[in-house]
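Raw contents of query.txt, compact mmCIF, N, CA and C atoms:
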# COMPACT_ATOMS: atom_id res chain seq x y z
N ASP A 259 0.85 -1.18 0.00
CA ASP A 259 0.00 0.00 0.00
C ASP A 259 0.89 1.24 0.00
N ILE A 260 0.75 2.05 -1.01
CA ILE A 260 1.61 3.21 -1.18
C ILE A 260 1.45 4.22 -0.04
N ALA A 261 0.25 4.36 0.50
CA ALA A 261 0.05 5.29 1.62
C ALA A 261 0.86 4.85 2.82
N VAL A 262 0.92 3.56 3.08
CA VAL A 262 1.71 3.04 4.21
C VAL A 262 3.19 3.31 3.99
N ILE A 263 3.65 3.13 2.77
CA ILE A 263 5.06 3.39 2.46
C ILE A 263 5.41 4.85 2.70
N TYR A 264 4.57 5.76 2.24
CA TYR A 264 4.81 7.18 2.49
C TYR A 264 4.80 7.47 3.99
N TYR A 265 3.86 6.87 4.71
CA TYR A 265 3.77 7.07 6.15
C TYR A 265 5.05 6.62 6.86
N VAL A 266 5.52 5.44 6.50
CA VAL A 266 6.74 4.91 7.11
C VAL A 266 7.93 5.83 6.84
N PHE A 267 8.10 6.25 5.60
CA PHE A 267 9.22 7.11 5.27
C PHE A 267 9.08 8.49 5.92
N ASP A 268 7.85 8.97 6.08
CA ASP A 268 7.63 10.23 6.77
C ASP A 268 8.10 10.11 8.22
N LYS A 269 7.78 9.00 8.88
CA LYS A 269 8.21 8.79 10.26
C LYS A 269 9.73 8.67 10.35
N LEU A 270 10.34 7.96 9.41
CA LEU A 270 11.81 7.84 9.41
C LEU A 270 12.47 9.19 9.19
N ASN A 271 11.92 9.97 8.29
CA ASN A 271 12.49 11.27 7.98
C ASN A 271 12.39 12.23 9.16
N SER A 272 11.35 12.11 9.95
CA SER A 272 11.09 13.04 11.04
C SER A 272 11.74 12.65 12.36
N LYS A 273 12.30 11.44 12.44
CA LYS A 273 12.76 10.94 13.74
C LYS A 273 13.88 11.76 14.38
N SER A 274 14.73 12.37 13.59
CA SER A 274 15.86 13.11 14.18
C SER A 274 15.82 14.59 13.83
N VAL A 275 14.63 15.08 13.52
CA VAL A 275 14.49 16.47 13.10
C VAL A 275 13.60 17.20 14.11
N PHE A 276 13.99 18.41 14.45
CA PHE A 276 13.14 19.24 15.30
C PHE A 276 11.79 19.37 14.62
N PRO A 277 10.68 19.17 15.35
CA PRO A 277 9.36 19.14 14.71
C PRO A 277 9.06 20.29 13.76
N GLY A 278 9.48 21.48 14.08
CA GLY A 278 9.21 22.62 13.20
C GLY A 278 10.01 22.59 11.91
N ASN A 279 11.04 21.76 11.84
CA ASN A 279 11.89 21.69 10.66
C ASN A 279 11.59 20.51 9.75
N SER A 280 10.68 19.64 10.16
CA SER A 280 10.40 18.47 9.33
C SER A 280 9.48 18.84 8.17
N ILE A 281 9.55 18.05 7.14
CA ILE A 281 8.67 18.23 5.99
C ILE A 281 7.69 17.08 5.98
N ASP A 282 6.55 17.30 5.38
CA ASP A 282 5.56 16.24 5.30
C ASP A 282 5.77 15.44 4.02
N LEU A 283 6.22 14.20 4.19
CA LEU A 283 6.26 13.29 3.06
C LEU A 283 4.91 12.60 2.91
N PHE A 284 4.10 12.71 3.95
CA PHE A 284 2.82 12.03 3.96
C PHE A 284 1.77 12.87 4.66
N GLN A 285 0.65 13.03 4.00
CA GLN A 285 -0.55 13.60 4.61
C GLN A 285 -1.69 12.70 4.15
N ILE A 286 -2.45 12.20 5.08
CA ILE A 286 -3.41 11.15 4.79
C ILE A 286 -4.31 11.44 3.59
N ARG A 287 -4.73 12.66 3.42
CA ARG A 287 -5.65 12.96 2.33
C ARG A 287 -4.97 13.52 1.08
N LYS A 288 -3.67 13.82 1.17
CA LYS A 288 -3.00 14.49 0.06
C LYS A 288 -1.80 13.74 -0.49
N TYR A 289 -1.49 12.55 -0.01
CA TYR A 289 -0.22 11.94 -0.39
C TYR A 289 -0.08 11.72 -1.89
N LYS A 290 -1.19 11.57 -2.61
CA LYS A 290 -1.09 11.34 -4.05
C LYS A 290 -0.72 12.60 -4.81
N THR A 291 -0.90 13.76 -4.21
CA THR A 291 -0.61 15.01 -4.91
C THR A 291 0.61 15.72 -4.34
N MET A 292 1.32 15.07 -3.45
CA MET A 292 2.47 15.72 -2.83
C MET A 292 3.65 15.76 -3.80
N THR A 293 4.67 16.49 -3.41
CA THR A 293 5.80 16.73 -4.31
C THR A 293 6.84 15.62 -4.31
N HIS A 294 6.68 14.61 -3.47
CA HIS A 294 7.63 13.51 -3.40
C HIS A 294 7.02 12.25 -3.99
N ASN A 295 7.87 11.42 -4.54
CA ASN A 295 7.39 10.12 -5.00
C ASN A 295 8.41 9.04 -4.69
N ILE A 296 8.04 7.83 -5.00
CA ILE A 296 8.84 6.66 -4.61
C ILE A 296 9.79 6.24 -5.72
N GLU A 297 11.04 6.07 -5.31
CA GLU A 297 12.11 5.63 -6.22
C GLU A 297 12.48 4.19 -5.88
N HIS A 298 12.55 3.35 -6.90
CA HIS A 298 13.08 2.00 -6.73
C HIS A 298 14.59 2.10 -6.93
N PHE A 299 15.35 1.85 -5.87
CA PHE A 299 16.80 2.01 -5.97
C PHE A 299 17.38 1.01 -6.97
N LEU A 300 16.99 -0.24 -6.86
CA LEU A 300 17.28 -1.20 -7.93
C LEU A 300 16.18 -0.99 -8.95
N PRO A 301 16.50 -0.56 -10.17
CA PRO A 301 15.46 -0.22 -11.15
C PRO A 301 14.48 -1.36 -11.37
N GLN A 302 13.26 -0.98 -11.72
CA GLN A 302 12.19 -1.96 -11.92
C GLN A 302 12.36 -2.77 -13.19
N LYS A 303 13.20 -2.31 -14.08
CA LYS A 303 13.39 -3.02 -15.35
C LYS A 303 14.84 -3.43 -15.49
N GLY A 304 15.04 -4.56 -16.14
CA GLY A 304 16.39 -5.05 -16.39
C GLY A 304 16.63 -6.41 -15.77
N LYS A 305 17.80 -6.95 -16.06
CA LYS A 305 18.18 -8.29 -15.61
C LYS A 305 18.16 -8.41 -14.09
N ASP A 306 18.72 -7.42 -13.40
CA ASP A 306 18.77 -7.47 -11.94
C ASP A 306 17.37 -7.41 -11.33
N ALA A 307 16.48 -6.67 -11.94
CA ALA A 307 15.10 -6.60 -11.45
C ALA A 307 14.42 -7.95 -11.57
N GLU A 308 14.67 -8.64 -12.66
CA GLU A 308 14.09 -9.97 -12.84
C GLU A 308 14.58 -10.93 -11.75
N LYS A 309 15.86 -10.85 -11.42
CA LYS A 309 16.42 -11.69 -10.36
C LYS A 309 15.81 -11.36 -9.00
N ALA A 310 15.53 -10.09 -8.78
CA ALA A 310 14.99 -9.66 -7.49
C ALA A 310 13.55 -10.10 -7.29
N GLY A 311 12.82 -10.29 -8.37
CA GLY A 311 11.43 -10.73 -8.26
C GLY A 311 10.59 -9.73 -7.47
N ASP A 312 9.80 -10.23 -6.54
CA ASP A 312 8.92 -9.37 -5.74
C ASP A 312 9.68 -8.42 -4.83
N LEU A 313 10.92 -8.76 -4.50
CA LEU A 313 11.70 -7.89 -3.63
C LEU A 313 12.02 -6.54 -4.28
N ILE A 314 11.81 -6.44 -5.57
CA ILE A 314 12.04 -5.17 -6.26
C ILE A 314 11.13 -4.09 -5.66
N HIS A 315 9.96 -4.51 -5.15
CA HIS A 315 9.00 -3.57 -4.57
C HIS A 315 9.05 -3.57 -3.04
N SER A 316 10.04 -4.23 -2.46
CA SER A 316 10.20 -4.25 -1.00
C SER A 316 10.56 -2.86 -0.51
N ILE A 317 10.12 -2.54 0.68
CA ILE A 317 10.44 -1.23 1.26
C ILE A 317 11.96 -1.05 1.39
N GLY A 318 12.69 -2.14 1.45
CA GLY A 318 14.14 -2.06 1.52
C GLY A 318 14.79 -1.55 0.24
N ASN A 319 14.05 -1.56 -0.85
CA ASN A 319 14.57 -1.09 -2.14
C ASN A 319 14.00 0.28 -2.51
N LEU A 320 13.24 0.88 -1.62
CA LEU A 320 12.54 2.11 -1.95
C LEU A 320 13.11 3.32 -1.23
N LEU A 321 13.05 4.45 -1.90
CA LEU A 321 13.40 5.75 -1.33
C LEU A 321 12.28 6.72 -1.67
N VAL A 322 12.04 7.69 -0.82
CA VAL A 322 11.12 8.76 -1.15
C VAL A 322 11.96 9.99 -1.46
N LEU A 323 11.78 10.50 -2.66
CA LEU A 323 12.55 11.66 -3.12
C LEU A 323 11.60 12.68 -3.74
N HIS A 324 12.06 13.92 -3.75
CA HIS A 324 11.31 14.94 -4.48
C HIS A 324 11.25 14.51 -5.93
N ARG A 325 10.16 14.80 -6.58
CA ARG A 325 9.97 14.35 -7.97
C ARG A 325 11.09 14.77 -8.90
N LYS A 326 11.58 15.99 -8.75
CA LYS A 326 12.65 16.44 -9.65
C LYS A 326 13.95 15.67 -9.39
N ASP A 327 14.21 15.33 -8.13
CA ASP A 327 15.40 14.56 -7.80
C ASP A 327 15.25 13.11 -8.27
N ASN A 328 14.06 12.58 -8.13
CA ASN A 328 13.78 11.22 -8.58
C ASN A 328 14.01 11.11 -10.09
N SER A 329 13.57 12.12 -10.82
CA SER A 329 13.75 12.06 -12.28
C SER A 329 15.23 12.13 -12.68
N LYS A 330 16.06 12.75 -11.84
CA LYS A 330 17.50 12.79 -12.13
C LYS A 330 18.14 11.40 -12.02
N LEU A 331 17.58 10.57 -11.14
CA LEU A 331 18.12 9.21 -10.97
C LEU A 331 17.71 8.30 -12.11
N GLY A 332 16.52 8.51 -12.63
CA GLY A 332 16.06 7.75 -13.79
C GLY A 332 16.15 6.24 -13.60
N ASN A 333 16.59 5.57 -14.64
CA ASN A 333 16.68 4.11 -14.64
C ASN A 333 18.14 3.65 -14.56
N LYS A 334 18.97 4.48 -13.92
CA LYS A 334 20.39 4.15 -13.79
C LYS A 334 20.56 2.95 -12.86
N ASN A 335 21.75 2.36 -12.90
CA ASN A 335 22.02 1.25 -11.98
C ASN A 335 22.25 1.81 -10.58
N PRO A 336 22.15 0.96 -9.54
CA PRO A 336 22.27 1.45 -8.16
C PRO A 336 23.56 2.20 -7.87
N ASP A 337 24.68 1.78 -8.42
CA ASP A 337 25.93 2.48 -8.17
C ASP A 337 25.89 3.90 -8.72
N GLN A 338 25.34 4.06 -9.93
CA GLN A 338 25.21 5.40 -10.50
C GLN A 338 24.22 6.24 -9.70
N LYS A 339 23.12 5.61 -9.25
CA LYS A 339 22.14 6.33 -8.45
C LYS A 339 22.75 6.78 -7.12
N PHE A 340 23.57 5.93 -6.53
CA PHE A 340 24.21 6.27 -5.27
C PHE A 340 25.08 7.52 -5.44
N LYS A 341 25.88 7.55 -6.50
CA LYS A 341 26.74 8.71 -6.76
C LYS A 341 25.91 9.97 -6.99
N GLU A 342 24.83 9.84 -7.73
CA GLU A 342 23.94 10.97 -8.00
C GLU A 342 23.26 11.43 -6.71
N LEU A 343 22.86 10.50 -5.89
CA LEU A 343 22.21 10.83 -4.63
C LEU A 343 23.16 11.60 -3.72
N LYS A 344 24.41 11.21 -3.68
CA LYS A 344 25.40 11.95 -2.87
C LYS A 344 25.55 13.38 -3.39
N LYS A 345 25.53 13.55 -4.71
CA LYS A 345 25.61 14.91 -5.28
C LYS A 345 24.37 15.71 -4.89
N LEU A 346 23.21 15.07 -4.94
CA LEU A 346 21.96 15.75 -4.59
C LEU A 346 21.98 16.22 -3.13
N LEU A 347 22.60 15.45 -2.26
CA LEU A 347 22.65 15.82 -0.85
C LEU A 347 23.49 17.06 -0.61
N GLU A 348 24.38 17.37 -1.53
CA GLU A 348 25.17 18.59 -1.41
C GLU A 348 24.32 19.82 -1.71
N ASP A 349 23.21 19.61 -2.38
CA ASP A 349 22.27 20.68 -2.71
C ASP A 349 21.47 21.03 -1.47
N SER A 350 21.60 22.23 -0.99
CA SER A 350 20.93 22.61 0.26
C SER A 350 19.40 22.63 0.11
N LYS A 351 18.89 22.55 -1.10
CA LYS A 351 17.45 22.60 -1.31
C LYS A 351 16.76 21.26 -1.08
N ILE A 352 17.51 20.18 -1.05
CA ILE A 352 16.88 18.87 -0.86
C ILE A 352 16.27 18.83 0.54
N GLN A 353 15.04 18.34 0.64
CA GLN A 353 14.28 18.51 1.86
C GLN A 353 14.43 17.40 2.89
N ASN A 354 14.64 16.18 2.50
CA ASN A 354 14.64 15.09 3.47
C ASN A 354 16.04 14.52 3.70
N LYS A 355 16.98 15.41 4.01
CA LYS A 355 18.37 15.02 4.18
C LYS A 355 18.62 13.98 5.28
N PRO A 356 18.04 14.12 6.48
CA PRO A 356 18.37 13.13 7.52
C PRO A 356 18.09 11.70 7.08
N TYR A 357 16.94 11.50 6.51
CA TYR A 357 16.55 10.17 6.05
C TYR A 357 17.48 9.68 4.93
N LEU A 358 17.84 10.56 4.00
CA LEU A 358 18.72 10.17 2.90
C LEU A 358 20.14 9.93 3.38
N TYR A 359 20.60 10.69 4.37
CA TYR A 359 21.91 10.42 4.96
C TYR A 359 21.94 9.04 5.61
N ASP A 360 20.82 8.65 6.24
CA ASP A 360 20.74 7.30 6.82
C ASP A 360 20.90 6.25 5.74
N PHE A 361 20.26 6.48 4.58
CA PHE A 361 20.38 5.52 3.48
C PHE A 361 21.82 5.46 2.97
N ILE A 362 22.44 6.63 2.79
CA ILE A 362 23.83 6.69 2.32
C ILE A 362 24.73 5.90 3.28
N LYS A 363 24.55 6.11 4.58
CA LYS A 363 25.37 5.41 5.57
C LYS A 363 25.15 3.90 5.46
N PHE A 364 23.91 3.46 5.35
CA PHE A 364 23.61 2.03 5.21
C PHE A 364 24.30 1.47 3.97
N TYR A 365 24.20 2.19 2.86
CA TYR A 365 24.78 1.74 1.59
C TYR A 365 26.30 1.61 1.73
N GLU A 366 26.93 2.63 2.28
CA GLU A 366 28.39 2.62 2.41
C GLU A 366 28.87 1.52 3.35
N GLU A 367 28.12 1.25 4.40
CA GLU A 367 28.54 0.24 5.38
C GLU A 367 28.26 -1.19 4.92
N ASN A 368 27.31 -1.37 4.02
CA ASN A 368 26.87 -2.72 3.67
C ASN A 368 27.09 -3.14 2.22
N CYS A 369 27.20 -2.19 1.35
CA CYS A 369 27.27 -2.52 -0.08
C CYS A 369 28.73 -2.54 -0.53
N ASP A 370 29.16 -3.70 -0.97
CA ASP A 370 30.53 -3.81 -1.46
C ASP A 370 30.54 -3.82 -2.99
N GLY A 371 29.78 -2.91 -3.56
CA GLY A 371 29.79 -2.77 -5.01
C GLY A 371 28.58 -3.33 -5.73
N LYS A 372 27.70 -4.02 -5.01
CA LYS A 372 26.55 -4.60 -5.68
C LYS A 372 25.32 -4.54 -4.78
N TRP A 373 24.36 -3.72 -5.14
CA TRP A 373 23.07 -3.65 -4.44
C TRP A 373 22.28 -4.88 -4.88
N ASN A 374 21.88 -5.71 -3.93
CA ASN A 374 21.25 -6.98 -4.29
C ASN A 374 20.11 -7.33 -3.34
N VAL A 375 19.49 -8.49 -3.57
CA VAL A 375 18.33 -8.89 -2.77
C VAL A 375 18.69 -9.06 -1.29
N LYS A 376 19.88 -9.50 -1.00
CA LYS A 376 20.30 -9.66 0.40
C LYS A 376 20.30 -8.30 1.11
N LEU A 377 20.82 -7.28 0.44
CA LEU A 377 20.85 -5.94 1.03
C LEU A 377 19.45 -5.32 1.10
N ILE A 378 18.64 -5.58 0.10
CA ILE A 378 17.26 -5.09 0.11
C ILE A 378 16.54 -5.67 1.33
N ASP A 379 16.70 -6.96 1.55
CA ASP A 379 16.06 -7.61 2.69
C ASP A 379 16.61 -7.07 4.01
N LYS A 380 17.92 -6.89 4.08
CA LYS A 380 18.55 -6.37 5.30
C LYS A 380 18.04 -4.96 5.61
N ARG A 381 17.92 -4.12 4.59
CA ARG A 381 17.43 -2.75 4.81
C ARG A 381 15.96 -2.78 5.22
N ALA A 382 15.17 -3.66 4.62
CA ALA A 382 13.75 -3.77 4.99
C ALA A 382 13.61 -4.11 6.47
N LYS A 383 14.43 -5.03 6.95
CA LYS A 383 14.39 -5.40 8.37
C LYS A 383 14.84 -4.24 9.25
N LYS A 384 15.85 -3.49 8.80
CA LYS A 384 16.32 -2.32 9.56
C LYS A 384 15.20 -1.27 9.65
N ILE A 385 14.51 -1.04 8.55
CA ILE A 385 13.40 -0.08 8.55
C ILE A 385 12.31 -0.55 9.50
N ALA A 386 11.98 -1.83 9.47
CA ALA A 386 10.95 -2.37 10.36
C ALA A 386 11.32 -2.14 11.82
N GLU A 387 12.57 -2.38 12.17
CA GLU A 387 13.01 -2.17 13.55
C GLU A 387 12.91 -0.70 13.94
N GLU A 388 13.31 0.19 13.04
CA GLU A 388 13.26 1.62 13.33
C GLU A 388 11.82 2.09 13.51
N ILE A 389 10.94 1.64 12.65
CA ILE A 389 9.54 2.04 12.73
C ILE A 389 8.91 1.50 14.01
N TYR A 390 9.24 0.30 14.37
CA TYR A 390 8.71 -0.27 15.60
C TYR A 390 9.11 0.59 16.79
N ASP A 391 10.34 1.09 16.78
CA ASP A 391 10.81 1.96 17.87
C ASP A 391 10.16 3.34 17.85
N ILE A 392 9.80 3.83 16.68
CA ILE A 392 9.25 5.18 16.53
C ILE A 392 7.76 5.22 16.87
N VAL A 393 7.02 4.28 16.34
CA VAL A 393 5.56 4.31 16.45
C VAL A 393 5.14 3.61 17.74
N ASP A 394 4.31 4.25 18.50
CA ASP A 394 3.81 3.68 19.75
C ASP A 394 2.54 2.87 19.45
N TYR A 395 2.71 1.57 19.29
CA TYR A 395 1.59 0.71 18.93
C TYR A 395 0.59 0.50 20.06
N THR A 396 0.96 0.86 21.29
CA THR A 396 0.03 0.70 22.39
C THR A 396 -1.14 1.67 22.30
N LYS A 397 -0.98 2.72 21.48
CA LYS A 397 -2.05 3.72 21.32
C LYS A 397 -2.92 3.42 20.09
N ALA A 398 -2.56 2.41 19.34
CA ALA A 398 -3.29 2.10 18.11
C ALA A 398 -4.65 1.48 18.40
Take the structure in the file and write it out as structure tokens.
Amino acid sequence: DIAVIYYVFDKLNSKSVFPGNSIDLFQIRKYKTMTHNIEHFLPQKGKDAEKAGDLIHSIGNLLVLHRKDNSKLGNKNPDQKFKELKKLLEDSKIQNKPYLYDFIKFYEENCDGKWNVKLIDKRAKKIAEEIYDIVDYTKA
């Protein structure tokens, strides 16, 4: 569910930001018209995507980026996207830096040159653990 994905990334993006400085990646009634969209880090098309199967759409393979930044990444391979993403982070206009810095750190610490299903799964589990710590399920 795309609304859940936006919600999760909104919570991740806001976890280390002073409340007045956070941006809304998700608003329950407006998420379809917001300025951010979902990027598949491992592109949806190509040989590697076929190998990944359903994991291509796993939250571990997804990033939320501003539409203009997402279009800059295009259908490049993950290594090229990583380099482009680092350049984008130098741009002071990018809005969700804390969350993207977390992704960069994960990539640098875990990826030895090949973004693959093992890393997608590992990142999905990391996101699940972070969300569990952020969201208070006792109030649900």
Would you mind writing down, as a PyMOL selection string, each residue of region 346-392 of chain A that DSSP on the backbone assigns to helix (DSSP H, G or I)? chain A and resi 346-348+355-368+375-392
Using all atoms listed in the file, find each residue in region 309-356 of chain A having at least one atom no more than 5 Å away from region 294-300 of chain A; report its shortest atom-to-atom pair and that distance in Å (one decimal), rows by chain then rising number, as a Markdown table.
| residue | atom | partner | partner_atom | distance |
| --- | --- | --- | --- | --- |
| A:Asn319 | C | A:Phe299 | N | 3.9 |
| A:Leu320 | CA | A:Glu297 | C | 4.4 |
| A:Leu321 | C | A:Glu297 | N | 3.9 |
| A:Val322 | CA | A:Asn295 | C | 4.5 |
| A:Leu323 | C | A:Asn295 | N | 4.0 |
| A:His324 | CA | A:His294 | CA | 4.1 |
| A:Arg325 | N | A:His294 | CA | 4.3 |
Between CA of Pro301 (chain A) and atom N of Lys334 (chain A) lies a distance of 6.5 Å
Nearest to Leu313 (chain A) among A:Phe361, A:Glu388, A:Lys376, A:Lys341, with distances taken over only C-alpha atoms: which residue is it?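 Ranking A:Phe361, A:Glu388, A:Lys376, A:Lys341 by distance to Leu313 (chain A), first place goes to A:Lys376.
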Residue list as a ChimeraX atom specification for point (21.4, -6.4, -8.1), cut-off 9 Å, only C-alpha atoms: /A:300,305-307,309-310,335-336,372-375
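For the pair CA of Gln338 (chain A) and CA of Lys383 (chain A), the interatomic distance is 24.3 Å.
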Given the block above, output region 340-350 of chain A with all heavy atoms as a CSV table (one decimal), in the first residue's frame.
chain,number,residue,atom,x,y,z
A,340,PHE,N,23.6,5.9,-6.5
A,340,PHE,CA,24.2,6.3,-5.3
A,340,PHE,C,25.1,7.5,-5.4
A,340,PHE,O,25.0,8.4,-4.6
A,340,PHE,CB,25.0,5.1,-4.8
A,340,PHE,CG,25.8,5.4,-3.5
A,340,PHE,CD1,25.1,5.4,-2.3
A,340,PHE,CD2,27.2,5.6,-3.5
A,340,PHE,CE1,25.8,5.7,-1.1
A,340,PHE,CE2,27.8,5.9,-2.4
A,340,PHE,CZ,27.2,6.0,-1.2
A,341,LYS,N,25.9,7.6,-6.5
A,341,LYS,CA,26.7,8.7,-6.8
A,341,LYS,C,25.9,10.0,-7.0
A,341,LYS,O,26.2,11.0,-6.5
A,341,LYS,CB,27.6,8.4,-8.0
A,341,LYS,CG,28.7,7.4,-7.7
A,341,LYS,CD,29.5,7.0,-8.9
A,341,LYS,CE,30.5,5.9,-8.6
A,341,LYS,NZ,31.0,5.3,-9.8
A,342,GLU,N,24.8,9.8,-7.7
A,342,GLU,CA,23.9,11.0,-8.0
A,342,GLU,C,23.3,11.4,-6.7
A,342,GLU,O,23.1,12.6,-6.5
A,342,GLU,CB,22.9,10.6,-9.1
A,342,GLU,CG,22.0,11.7,-9.5
A,342,GLU,CD,22.7,12.8,-10.3
A,342,GLU,OE1,23.7,12.5,-11.0
A,342,GLU,OE2,22.3,14.0,-10.1
A,343,LEU,N,22.9,10.5,-5.9
A,343,LEU,CA,22.2,10.8,-4.6
A,343,LEU,C,23.2,11.6,-3.7
A,343,LEU,O,22.8,12.6,-3.1
A,343,LEU,CB,21.7,9.5,-3.9
A,343,LEU,CG,20.8,9.7,-2.7
A,343,LEU,CD1,19.6,10.5,-3.1
A,343,LEU,CD2,20.5,8.3,-2.2
A,344,LYS,N,24.4,11.2,-3.7
A,344,LYS,CA,25.4,11.9,-2.9
A,344,LYS,C,25.6,13.4,-3.4
A,344,LYS,O,25.7,14.3,-2.6
A,344,LYS,CB,26.7,11.2,-2.9
A,344,LYS,CG,26.7,10.0,-1.9
A,344,LYS,CD,28.1,9.4,-1.8
A,344,LYS,CE,28.9,10.1,-0.8
A,344,LYS,NZ,30.1,9.4,-0.4
A,345,LYS,N,25.5,13.6,-4.7
A,345,LYS,CA,25.6,14.9,-5.3
A,345,LYS,C,24.4,15.7,-4.9
A,345,LYS,O,24.5,16.9,-4.6
A,345,LYS,CB,25.7,14.8,-6.8
A,345,LYS,CG,27.0,14.5,-7.4
A,345,LYS,CD,27.0,14.6,-8.9
A,345,LYS,CE,28.0,13.7,-9.5
A,345,LYS,NZ,27.8,13.6,-11.0
A,346,LEU,N,23.2,15.1,-4.9
A,346,LEU,CA,22.0,15.8,-4.6
A,346,LEU,C,22.0,16.2,-3.1
A,346,LEU,O,21.4,17.3,-2.8
A,346,LEU,CB,20.8,14.8,-4.8
A,346,LEU,CG,20.4,14.5,-6.2
A,346,LEU,CD1,19.3,13.5,-6.3
A,346,LEU,CD2,19.9,15.8,-7.0
A,347,LEU,N,22.6,15.4,-2.3
A,347,LEU,CA,22.6,15.8,-0.9
A,347,LEU,C,23.5,17.1,-0.6
A,347,LEU,O,23.3,17.7,0.4
A,347,LEU,CB,23.1,14.6,0.0
A,347,LEU,CG,22.1,13.6,0.2
A,347,LEU,CD1,22.7,12.3,0.8
A,347,LEU,CD2,21.0,14.1,1.1
A,348,GLU,N,24.4,17.4,-1.5
A,348,GLU,CA,25.2,18.6,-1.4
A,348,GLU,C,24.3,19.8,-1.7
A,348,GLU,O,24.7,20.9,-1.3
A,348,GLU,CB,26.4,18.5,-2.4
A,348,GLU,CG,27.4,17.5,-2.0
A,348,GLU,CD,28.5,17.3,-3.0
A,348,GLU,OE1,28.5,18.1,-4.0
A,348,GLU,OE2,29.2,16.3,-2.9
A,349,ASP,N,23.2,19.6,-2.4
A,349,ASP,CA,22.3,20.7,-2.7
A,349,ASP,C,21.5,21.0,-1.5
A,349,ASP,O,20.7,20.2,-1.0
A,349,ASP,CB,21.3,20.2,-3.8
A,349,ASP,CG,20.3,21.3,-4.2
A,349,ASP,OD1,20.3,22.4,-3.7
A,349,ASP,OD2,19.5,21.0,-5.1
A,350,SER,N,21.6,22.2,-1.0
A,350,SER,CA,20.9,22.6,0.3
A,350,SER,C,19.4,22.6,0.1
A,350,SER,O,18.7,22.7,1.1
A,350,SER,CB,21.4,24.0,0.7
A,350,SER,OG,21.1,25.0,-0.2
